[in-house]
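See below for protein30.cif, which holds mmCIF, C-alpha atoms.
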data_data
loop_
_atom_site.group_PDB
_atom_site.id
_atom_site.type_symbol
_atom_site.label_atom_id
_atom_site.label_comp_id
_atom_site.auth_asym_id
_atom_site.auth_seq_id
_atom_site.Cartn_x
_atom_site.Cartn_y
_atom_site.Cartn_z
ATOM 1 C CA MET S 1 3.186 28.500 -11.677
ATOM 2 C CA ASN S 2 5.918 27.488 -14.104
ATOM 3 C CA ALA S 3 6.820 30.411 -16.382
ATOM 4 C CA GLY S 4 10.210 31.639 -17.555
ATOM 5 C CA ASP S 5 11.245 35.232 -18.000
ATOM 6 C CA ALA S 6 9.838 36.952 -21.085
ATOM 7 C CA GLN S 7 7.740 33.887 -21.992
ATOM 8 C CA ASN S 8 4.118 34.106 -23.039
ATOM 9 C CA LEU S 9 3.199 30.579 -21.890
ATOM 10 C CA VAL S 10 1.479 30.036 -18.528
ATOM 11 C CA THR S 11 0.398 26.826 -16.773
ATOM 12 C CA GLU S 12 -0.085 25.365 -13.269
ATOM 13 C CA ASP S 13 0.841 22.113 -11.569
ATOM 14 C CA VAL S 14 -2.003 19.647 -11.067
ATOM 15 C CA THR S 15 -2.698 17.432 -8.024
ATOM 16 C CA VAL S 16 -5.426 14.818 -8.443
ATOM 17 C CA VAL S 17 -6.791 11.786 -6.571
ATOM 18 C CA GLU S 18 -6.367 8.434 -8.295
ATOM 19 C CA GLY S 19 -9.364 7.717 -10.508
ATOM 20 C CA ASP S 20 -10.410 11.365 -10.821
ATOM 21 C CA VAL S 21 -9.998 13.820 -13.718
ATOM 22 C CA ALA S 22 -6.911 15.999 -14.230
ATOM 23 C CA THR S 23 -7.124 19.131 -16.361
ATOM 24 C CA ILE S 24 -4.020 20.563 -18.049
ATOM 25 C CA SER S 25 -4.121 24.104 -19.344
ATOM 26 C CA CYS S 26 -1.582 25.765 -21.648
ATOM 27 C CA ARG S 27 -2.367 29.493 -21.866
ATOM 28 C CA VAL S 28 -0.790 32.165 -23.997
ATOM 29 C CA LYS S 29 -0.471 35.813 -23.004
ATOM 30 C CA ASN S 30 -0.335 38.313 -25.867
ATOM 31 C CA SER S 31 -1.154 35.674 -28.437
ATOM 32 C CA ASP S 32 0.166 36.107 -31.979
ATOM 33 C CA ASP S 33 -1.699 33.036 -33.327
ATOM 34 C CA SER S 34 1.325 30.775 -32.908
ATOM 35 C CA VAL S 35 0.634 27.039 -32.727
ATOM 36 C CA ILE S 36 0.210 25.459 -29.266
ATOM 37 C CA GLN S 37 0.824 21.795 -28.556
ATOM 38 C CA LEU S 38 0.849 19.541 -25.470
ATOM 39 C CA LEU S 39 3.310 16.673 -24.928
ATOM 40 C CA ASN S 40 3.304 13.846 -22.382
ATOM 41 C CA PRO S 41 6.256 12.896 -20.084
ATOM 42 C CA ASN S 42 7.679 10.748 -22.918
ATOM 43 C CA ARG S 43 7.492 13.835 -25.151
ATOM 44 C CA GLN S 44 4.818 12.313 -27.361
ATOM 45 C CA THR S 45 2.356 14.842 -28.745
ATOM 46 C CA ILE S 46 -1.024 14.610 -27.046
ATOM 47 C CA TYR S 47 -2.649 17.552 -28.883
ATOM 48 C CA PHE S 48 -1.375 19.685 -31.747
ATOM 49 C CA ARG S 49 -3.763 22.608 -31.809
ATOM 50 C CA ASP S 50 -7.160 20.788 -31.645
ATOM 51 C CA PHE S 51 -5.912 17.508 -33.158
ATOM 52 C CA ARG S 52 -5.006 14.496 -30.977
ATOM 53 C CA PRO S 53 -2.276 12.282 -32.533
ATOM 54 C CA LEU S 54 -2.021 10.181 -29.329
ATOM 55 C CA LYS S 55 -4.395 7.219 -29.321
ATOM 56 C CA ASP S 56 -5.071 7.348 -25.558
ATOM 57 C CA SER S 57 -8.770 8.308 -25.540
ATOM 58 C CA ARG S 58 -8.629 9.327 -21.870
ATOM 59 C CA PHE S 59 -7.269 12.642 -23.147
ATOM 60 C CA GLN S 60 -10.078 14.887 -24.349
ATOM 61 C CA LEU S 61 -10.088 18.434 -25.646
ATOM 62 C CA VAL S 62 -11.836 20.839 -23.271
ATOM 63 C CA ASN S 63 -11.032 24.133 -24.962
ATOM 64 C CA PHE S 64 -8.965 25.344 -27.898
ATOM 65 C CA SER S 65 -8.361 28.903 -29.011
ATOM 66 C CA ASN S 66 -5.449 31.117 -30.028
ATOM 67 C CA SER S 67 -4.812 31.801 -26.345
ATOM 68 C CA GLU S 68 -5.464 28.421 -24.701
ATOM 69 C CA LEU S 69 -5.185 24.677 -25.119
ATOM 70 C CA ARG S 70 -7.015 22.892 -22.300
ATOM 71 C CA VAL S 71 -7.095 19.085 -22.079
ATOM 72 C CA SER S 72 -8.669 16.677 -19.567
ATOM 73 C CA LEU S 73 -7.282 13.294 -18.540
ATOM 74 C CA THR S 74 -9.873 10.916 -17.062
ATOM 75 C CA ASN S 75 -9.382 7.944 -14.708
ATOM 76 C CA VAL S 76 -5.939 9.120 -13.642
ATOM 77 C CA SER S 77 -3.516 6.506 -12.311
ATOM 78 C CA VAL S 78 -0.112 6.703 -10.649
ATOM 79 C CA SER S 79 1.519 5.837 -13.994
ATOM 80 C CA ASP S 80 0.228 9.175 -15.379
ATOM 81 C CA GLU S 81 2.415 11.176 -12.996
ATOM 82 C CA GLY S 82 5.187 13.345 -14.390
ATOM 83 C CA ARG S 83 5.921 16.460 -16.411
ATOM 84 C CA TYR S 84 3.661 17.499 -19.295
ATOM 85 C CA PHE S 85 5.034 20.076 -21.725
ATOM 86 C CA CYS S 86 3.301 23.042 -23.316
ATOM 87 C CA GLN S 87 5.025 24.253 -26.478
ATOM 88 C CA LEU S 88 4.474 27.433 -28.431
ATOM 89 C CA TYR S 89 5.842 27.646 -31.970
ATOM 90 C CA THR S 90 7.369 31.106 -31.891
ATOM 91 C CA ASP S 91 10.781 32.368 -32.886
ATOM 92 C CA PRO S 92 12.515 31.173 -30.814
ATOM 93 C CA PRO S 93 10.122 28.364 -29.700
ATOM 94 C CA GLN S 94 8.868 28.490 -26.128
ATOM 95 C CA GLU S 95 8.291 25.601 -23.765
ATOM 96 C CA ILE S 96 6.947 25.264 -20.252
ATOM 97 C CA TYR S 97 6.002 22.224 -18.155
ATOM 98 C CA THR S 98 3.321 21.318 -15.645
ATOM 99 C CA THR S 99 3.645 18.453 -13.159
ATOM 100 C CA ILE S 100 0.810 16.013 -12.445
ATOM 101 C CA THR S 101 0.887 14.492 -8.946
ATOM 102 C CA VAL S 102 -1.459 11.585 -8.160
ATOM 103 C CA LEU S 103 -2.714 10.968 -4.606
ATOM 104 C CA VAL S 104 -3.775 7.474 -3.499
ATOM 105 C CA PRO S 105 -5.891 7.053 -0.346
ATOM 106 C CA PRO S 106 -5.232 4.071 1.971
ATOM 107 C CA ARG S 107 -6.640 0.833 0.555
ATOM 108 C CA ASN S 108 -7.680 -0.430 3.981
ATOM 109 C CA LEU S 109 -7.611 0.625 7.639
ATOM 110 C CA VAL S 110 -7.476 -2.055 10.354
ATOM 111 C CA ILE S 111 -7.022 -2.081 14.156
ATOM 112 C CA ASP S 112 -5.543 -5.168 15.812
ATOM 113 C CA ILE S 113 -5.777 -5.419 19.606
ATOM 114 C CA GLN S 114 -3.440 -7.545 21.711
ATOM 115 C CA LYS S 115 -6.133 -8.813 24.111
ATOM 116 C CA GLU S 116 -9.892 -8.816 23.600
ATOM 117 C CA ILE S 117 -10.465 -8.518 27.374
ATOM 118 C CA ALA S 118 -7.940 -6.767 29.623
ATOM 119 C CA VAL S 119 -7.537 -6.574 33.408
ATOM 120 C CA GLU S 120 -7.526 -3.245 35.215
ATOM 121 C CA GLY S 121 -4.006 -1.812 35.475
ATOM 122 C CA GLU S 122 -2.741 -3.920 32.581
ATOM 123 C CA GLU S 123 -0.925 -2.499 29.549
ATOM 124 C CA ILE S 124 -2.292 -3.575 26.176
ATOM 125 C CA GLU S 125 -0.977 -2.995 22.669
ATOM 126 C CA LEU S 126 -3.060 -1.849 19.701
ATOM 127 C CA ASN S 127 -1.827 -1.617 16.116
ATOM 128 C CA CYS S 128 -3.483 0.354 13.321
ATOM 129 C CA THR S 129 -2.475 -0.359 9.715
ATOM 130 C CA ALA S 130 -3.149 1.965 6.763
ATOM 131 C CA MET S 131 -2.278 0.070 3.582
ATOM 132 C CA ALA S 132 -0.926 1.236 0.220
ATOM 133 C CA SER S 133 -1.336 5.004 0.179
ATOM 134 C CA LYS S 134 0.530 7.801 -1.591
ATOM 135 C CA PRO S 135 1.928 9.813 0.070
ATOM 136 C CA ALA S 136 2.371 8.040 3.407
ATOM 137 C CA THR S 137 -0.564 8.351 5.796
ATOM 138 C CA THR S 138 -0.399 10.106 9.160
ATOM 139 C CA ILE S 139 -2.219 8.085 11.848
ATOM 140 C CA ARG S 140 -3.765 9.692 14.940
ATOM 141 C CA TRP S 141 -5.092 7.870 18.022
ATOM 142 C CA PHE S 142 -8.002 8.810 20.288
ATOM 143 C CA LYS S 143 -9.435 7.202 23.422
ATOM 144 C CA GLY S 144 -12.924 8.619 23.491
ATOM 145 C CA ASN S 145 -12.349 12.325 22.797
ATOM 146 C CA LYS S 146 -8.791 12.385 24.151
ATOM 147 C CA GLU S 147 -5.938 12.261 21.629
ATOM 148 C CA LEU S 148 -3.086 9.866 22.422
ATOM 149 C CA THR S 149 0.403 9.447 20.974
ATOM 150 C CA GLY S 150 1.402 6.329 19.070
ATOM 151 C CA LYS S 151 4.582 5.238 17.301
ATOM 152 C CA SER S 152 4.494 4.765 13.515
ATOM 153 C CA ASP S 153 6.630 2.781 11.078
ATOM 154 C CA VAL S 154 6.489 3.367 7.312
ATOM 155 C CA GLU S 155 7.060 0.680 4.685
ATOM 156 C CA GLU S 156 7.587 1.708 1.043
ATOM 157 C CA TRP S 157 6.932 -0.539 -1.922
ATOM 158 C CA SER S 158 6.747 0.569 -5.568
ATOM 159 C CA ASP S 159 6.001 4.231 -4.708
ATOM 160 C CA MET S 160 3.240 3.178 -2.297
ATOM 161 C CA TYR S 161 3.365 3.394 1.485
ATOM 162 C CA THR S 162 1.985 1.223 4.285
ATOM 163 C CA VAL S 163 1.949 2.779 7.755
ATOM 164 C CA ILE S 164 1.684 0.761 10.984
ATOM 165 C CA SER S 165 1.093 2.745 14.171
ATOM 166 C CA GLN S 166 1.462 1.168 17.609
ATOM 167 C CA LEU S 167 -0.312 2.378 20.750
ATOM 168 C CA VAL S 168 0.490 1.039 24.237
ATOM 169 C CA LEU S 169 -2.322 1.779 26.663
ATOM 170 C CA LYS S 170 -2.685 1.162 30.405
ATOM 171 C CA VAL S 171 -6.362 0.468 31.082
ATOM 172 C CA GLY S 172 -8.547 1.167 34.094
ATOM 173 C CA ARG S 173 -12.126 0.249 34.951
ATOM 174 C CA GLU S 174 -13.302 3.598 33.592
ATOM 175 C CA ASP S 175 -12.067 2.483 30.138
ATOM 176 C CA ASP S 176 -14.560 -0.385 29.909
ATOM 177 C CA GLY S 177 -16.760 0.302 26.885
ATOM 178 C CA VAL S 178 -14.690 3.293 25.717
ATOM 179 C CA PRO S 179 -13.826 3.376 21.978
ATOM 180 C CA VAL S 180 -10.206 3.569 20.839
ATOM 181 C CA ILE S 181 -10.173 5.317 17.450
ATOM 182 C CA CYS S 182 -7.576 5.185 14.684
ATOM 183 C CA LEU S 183 -7.985 8.220 12.403
ATOM 184 C CA VAL S 184 -6.224 8.918 9.114
ATOM 185 C CA ASP S 185 -4.799 12.262 7.970
ATOM 186 C CA HIS S 186 -4.309 12.078 4.207
ATOM 187 C CA PRO S 187 -4.823 14.635 1.400
ATOM 188 C CA ALA S 188 -6.794 12.119 -0.701
ATOM 189 C CA VAL S 189 -9.475 11.281 1.879
ATOM 190 C CA LYS S 190 -11.478 12.880 4.696
ATOM 191 C CA ASP S 191 -12.932 11.373 7.868
ATOM 192 C CA LEU S 192 -11.499 7.882 7.407
ATOM 193 C CA GLN S 193 -11.328 6.076 10.742
ATOM 194 C CA THR S 194 -11.889 2.757 12.471
ATOM 195 C CA GLN S 195 -12.394 1.903 16.144
ATOM 196 C CA ARG S 196 -12.410 -0.859 18.742
ATOM 197 C CA TYR S 197 -14.185 -0.858 22.108
ATOM 198 C CA LEU S 198 -12.167 -1.683 25.213
ATOM 199 C CA GLU S 199 -13.317 -4.492 27.510
ATOM 200 C CA VAL S 200 -11.881 -4.310 31.019
ATOM 201 C CA MET S 201 -12.269 -6.527 34.111
ATOM 202 C CA TRP S 202 -11.523 -5.182 37.568
ATOM 203 C CA GLN S 203 -11.454 -6.144 41.271
ATOM 204 C CA LYS S 204 -14.720 -5.275 42.920
ATOM 205 C CA MET S 205 -16.002 -8.159 45.083
ATOM 206 C CA GLN S 206 -14.501 -10.230 47.897
ATOM 207 C CA LEU S 207 -15.433 -13.510 49.576
ATOM 208 C CA ARG S 208 -14.782 -13.512 53.338
ATOM 209 C CA ASN S 209 -15.127 -16.004 56.204
ATOM 210 C CA GLU S 210 -18.088 -15.588 58.599
ATOM 211 C CA PRO S 211 -17.921 -16.661 62.291
ATOM 212 C CA SER S 212 -19.579 -19.955 61.378
ATOM 213 C CA PRO S 213 -17.021 -22.290 59.760
ATOM 214 C CA SER S 214 -19.756 -23.852 57.635
ATOM 215 C CA SER S 215 -20.693 -20.785 55.681
ATOM 216 C CA LEU S 216 -19.289 -17.915 53.635
ATOM 217 C CA SER S 217 -20.801 -14.556 52.857
ATOM 218 C CA CYS S 218 -20.596 -12.553 49.628
ATOM 219 C CA CYS S 219 -20.766 -8.761 49.970
ATOM 220 C CA GLY S 220 -21.029 -5.978 47.430
ATOM 221 C CA PRO S 221 -22.837 -5.390 44.127
ATOM 222 C CA MET S 222 -23.249 -8.470 41.949
ATOM 223 C CA THR S 223 -22.160 -8.095 38.349
ATOM 224 C CA ARG S 224 -21.600 -10.511 35.492
ATOM 225 C CA TRP S 225 -18.400 -12.132 34.262
ATOM 226 C CA PRO S 226 -17.051 -11.484 30.760
ATOM 227 C CA THR S 227 -16.611 -15.118 29.755
ATOM 228 C CA ALA S 228 -17.402 -17.314 26.774
ATOM 229 C CA ASP S 229 -18.750 -20.068 29.039
ATOM 230 C CA ARG S 230 -22.445 -20.485 28.230
ATOM 231 C CA GLU S 231 -23.477 -21.336 31.793
ATOM 232 C CA ARG S 232 -21.687 -18.276 33.122
ATOM 233 C CA LYS S 233 -23.283 -16.047 30.533
ATOM 234 C CA GLU S 234 -26.721 -17.203 31.670
ATOM 235 C CA ASN S 235 -25.957 -16.429 35.334
ATOM 236 C CA PRO S 236 -25.183 -12.890 36.472
ATOM 237 C CA LEU S 237 -22.488 -14.206 38.851
ATOM 238 C CA VAL S 238 -20.595 -17.492 39.105
ATOM 239 C CA PHE S 239 -17.546 -18.655 41.080
ATOM 240 C CA THR S 240 -14.330 -19.504 39.378
ATOM 241 C CA ASP S 241 -13.639 -22.804 41.146
ATOM 242 C CA GLY S 242 -16.498 -24.635 39.362
ATOM 243 C CA ASP S 243 -18.043 -25.978 42.615
ATOM 244 C CA ALA S 244 -21.552 -26.883 41.464
ATOM 245 C CA SER S 245 -22.712 -27.710 45.050
ATOM 246 C CA ARG S 246 -22.577 -24.074 46.133
ATOM 247 C CA GLU S 247 -25.620 -21.889 45.868
ATOM 248 C CA ARG S 248 -25.243 -18.891 43.531
ATOM 249 C CA PRO S 249 -26.338 -15.547 44.987
ATOM 250 C CA GLU S 250 -28.770 -13.385 43.096
ATOM 251 C CA PRO S 251 -27.635 -9.979 41.819
ATOM 252 C CA GLY S 252 -28.072 -7.169 44.336
ATOM 253 C CA ASP S 253 -26.420 -5.262 47.161
ATOM 254 C CA GLY S 254 -25.717 -6.393 50.722
ATOM 255 C CA CYS S 255 -24.496 -9.700 52.164
ATOM 256 C CA ARG S 256 -25.961 -13.165 51.920
ATOM 257 C CA VAL S 257 -24.818 -16.419 53.562
ATOM 258 C CA LEU S 258 -23.879 -19.168 51.101
ATOM 259 C CA LYS S 259 -24.786 -22.697 52.240
ATOM 260 C CA ASN S 260 -22.792 -25.881 51.747
ATOM 261 C CA ALA S 261 -19.532 -23.940 51.758
ATOM 262 C CA SER S 262 -17.700 -25.609 54.641
ATOM 263 C CA ALA S 263 -15.046 -26.840 52.234
ATOM 264 C CA GLU S 264 -14.190 -23.249 51.489
ATOM 265 C CA ALA S 265 -13.621 -22.180 55.130
ATOM 266 C CA GLU S 266 -9.895 -22.836 54.974
ATOM 267 C CA ARG S 267 -9.415 -20.991 51.683
ATOM 268 C CA PRO S 268 -7.977 -17.471 51.944
ATOM 269 C CA SER S 269 -10.258 -14.693 50.791
ATOM 270 C CA GLY S 270 -9.314 -12.729 47.699
ATOM 271 C CA PRO S 271 -10.544 -10.373 45.015
ATOM 272 C CA VAL S 272 -12.877 -11.470 42.259
ATOM 273 C CA LEU S 273 -12.591 -9.914 38.814
ATOM 274 C CA VAL S 274 -15.815 -8.501 37.428
ATOM 275 C CA ARG S 275 -16.974 -6.035 34.860
ATOM 276 C CA LYS S 276 -20.038 -3.912 34.460
ATOM 277 C CA THR S 277 -23.117 -5.034 32.605
ATOM 278 C CA SER S 278 -23.635 -1.937 30.475
ATOM 279 C CA PRO S 279 -24.159 -2.948 26.813
ATOM 280 C CA ARG S 280 -21.963 -1.519 24.115
ATOM 281 C CA PRO S 281 -21.521 -1.965 20.413
ATOM 282 C CA ALA S 282 -19.212 -4.777 19.396
ATOM 283 C CA GLY S 283 -16.442 -4.800 16.834
ATOM 284 C CA ALA S 284 -14.885 -2.049 14.715
ATOM 285 C CA ALA S 285 -16.793 0.395 12.609
ATOM 286 C CA VAL S 286 -15.294 2.204 9.610
ATOM 287 C CA THR S 287 -16.644 5.448 8.278
ATOM 288 C CA SER S 288 -15.388 7.460 5.381
#
Spit out the file's structure as structure tokens when you get a sec.
Amino acid sequence: MNAGDAQNLVTEDVTVVEGDVATISCRVKNSDDSVIQLLNPNRQTIYFRDFRPLKDSRFQLVNFSNSELRVSLTNVSVSDEGRYFCQLYTDPPQEIYTTITVLVPPRNLVIDIQKEIAVEGEEIELNCTAMASKPATTIRWFKGNKELTGKSDVEEWSDMYTVISQLVLKVGREDDGVPVICLVDHPAVKDLQTQRYLEVMWQKMQLRNEPSPSSLSCCGPMTRWPTADRERKENPLVFTDGDASRERPEPGDGCRVLKNASAEAERPSGPVLVRKTSPRPAGAAVTS
């Protein structure tokens, strides 16, 4: 509340979201029927009693009496910010000001991920950008329900703020299909967030030499490869060397001998990267 000692005028500061309606009230205690007027930050008269000299029709009279002048301002923009003055024509004249503050929610919220598909144990970088807000946005990160800590940079341009938050995350197989959420804390908006789902490959299968030099066996659960190759998408399991002469095993548990693999007998065994087949939603979803 802005009121000086021994003054009869009373008003309050106003905070409003861009595009909404701001209401300015000039109230008089112990009214003696003195004239009340409202001025804008440029000290132009908006209302003198119940008359509006200013041609800006966004200002409308809400209430006028000997004890109050109340005015609304529709479709508020950042340019409307500043001090508005209530004046009371007494002897001596009295003046008091109210400050309008305009909040601007982020224009857009985007997550960029360094790698669409990561390997278990690898560190990946995610960046979340909240564009053109006022004041600057606070960004929070979550992996599933667990909150994580990112590092934010703020860029200011013409009283507007863009915030870029970086998250470095070491992924494991348990992160496959888990959403990483970027959530905004801002006084002009609630529940604004966007998310990306992690895709992780891990070491789960191994090819090993059998006693017979003309065959190999494949042991362990069979799962599909995360690859854009059409042929590999149609088969639950394929080998990375592209040898079309080898028979592909069917999905399942246990061991099976692979024929026509004598050329592979001298190759050292090693891990194969796989990922689980559980479906998950794709892409980012934004809710507000």
Tell me which protein, DNA and RNA residues are within 9 Å of segment 28-37 of chain S, counting all atoms listed in the file, leaving out same-chain ones fewer than 5 positions away, and put them as a PyMOL selection string. chain S and resi 7-10+45-50+65-69+85-90
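What separates atom CA of Val17 of chain S from atom CA of Asn75 of chain S is a distance of 9.4 Å.
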Need to verify the contact set: Asn108 of chain S, 8 Å, all atoms listed in the file, exclusion of same-chain residues closer than 3 positions in sequence. Can you return it as a ChimeraX atom specification? /S:129-132
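For the residues S:Ile124, S:Cys182, S:Ile117, S:Met160, ranking by smallest atom-to-atom distance to Trp141 of chain S using only C-alpha atoms places S:Cys182 first.
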Written as a ChimeraX atom specification, what is the full residue list that the PyMOL selection byres ((chain S and resi 174) around 12) yields on the file shown? /S:119-121,143-144,170-173,175-179,198-202,275-276
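Between atom CA of Pro106 of chain S and atom CA of Leu73 of chain S the separation is 22.6 Å.
Distance check against Ser72 of chain S using only C-alpha atoms: of S:Ile24, S:Val168, S:Pro93, S:Thr99, the minimum falls on S:Ile24.
Restricting the calculation to all atoms listed in the file, the smallest distance between Ile96 of chain S and any of S:Leu39, S:Ala22, S:Ile164, S:Val184 is found for S:Leu39.
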Evaluate the PyMOL selection byres ((chain S and resi 105) around 9) against this structure - the residues, as a PyMOL selection string, please. chain S and resi 17-18+103-104+106-108+131-135+137+186-189
Go ahead and dump the residues you just picked, C-alpha atoms, as a PDB file, keeping the file's coordinate frame.
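part-v4.pdb, freshly written:
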ATOM      1  CA  VAL S  17      -6.791  11.786  -6.571  1.00  0.00           C
ATOM      2  CA  GLU S  18      -6.367   8.434  -8.295  1.00  0.00           C
ATOM      3  CA  LEU S 103      -2.714  10.968  -4.606  1.00  0.00           C
ATOM      4  CA  VAL S 104      -3.775   7.474  -3.499  1.00  0.00           C
ATOM      5  CA  PRO S 106      -5.232   4.071   1.971  1.00  0.00           C
ATOM      6  CA  ARG S 107      -6.640   0.833   0.555  1.00  0.00           C
ATOM      7  CA  ASN S 108      -7.680  -0.430   3.981  1.00  0.00           C
ATOM      8  CA  MET S 131      -2.278   0.070   3.582  1.00  0.00           C
ATOM      9  CA  ALA S 132      -0.926   1.236   0.220  1.00  0.00           C
ATOM     10  CA  SER S 133      -1.336   5.004   0.179  1.00  0.00           C
ATOM     11  CA  LYS S 134       0.530   7.801  -1.591  1.00  0.00           C
ATOM     12  CA  PRO S 135       1.928   9.813   0.070  1.00  0.00           C
ATOM     13  CA  THR S 137      -0.564   8.351   5.796  1.00  0.00           C
ATOM     14  CA  HIS S 186      -4.309  12.078   4.207  1.00  0.00           C
ATOM     15  CA  PRO S 187      -4.823  14.635   1.400  1.00  0.00           C
ATOM     16  CA  ALA S 188      -6.794  12.119  -0.701  1.00  0.00           C
ATOM     17  CA  VAL S 189      -9.475  11.281   1.879  1.00  0.00           C
TER      18      VAL S 189
END
Under the PyMOL selection byres ((chain S and resi 78) around 9), which residues of this model are included? Write them out as a list of chain:residue names. S:Glu18, S:Val76, S:Ser77, S:Ser79, S:Asp80, S:Glu81, S:Thr101, S:Val102, S:Leu103, S:Val104, S:Asp159
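In this structure, atom CA of Glu116 of chain S sits 13.3 Å away from atom CA of Gln195 of chain S.
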Give the answer as one residue: which of S:Arg58, S:Arg83, S:Lys151, S:Arg196 has the shortest atom-to-atom distance to Ile113 of chain S, using all atoms listed in the file? S:Arg196
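Neighbours of Asp112 of chain S closer than or equal to 8 Å, with only C-alpha atoms counted and sequence neighbours fewer than 6 positions away skipped, come out as Leu126, Asn127 and Cys128 of chain S.
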Which residue out of S:Val110, S:Leu183, S:Cys26, S:Val16 has the minimum interatomic distance to Asn63 of chain S when all atoms listed in the file are used? S:Cys26
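Counting all atoms listed in the file, the residue from S:Gln114, S:Gln94, S:Gln166, S:Ser25 that sits nearest to Leu61 of chain S is S:Ser25.
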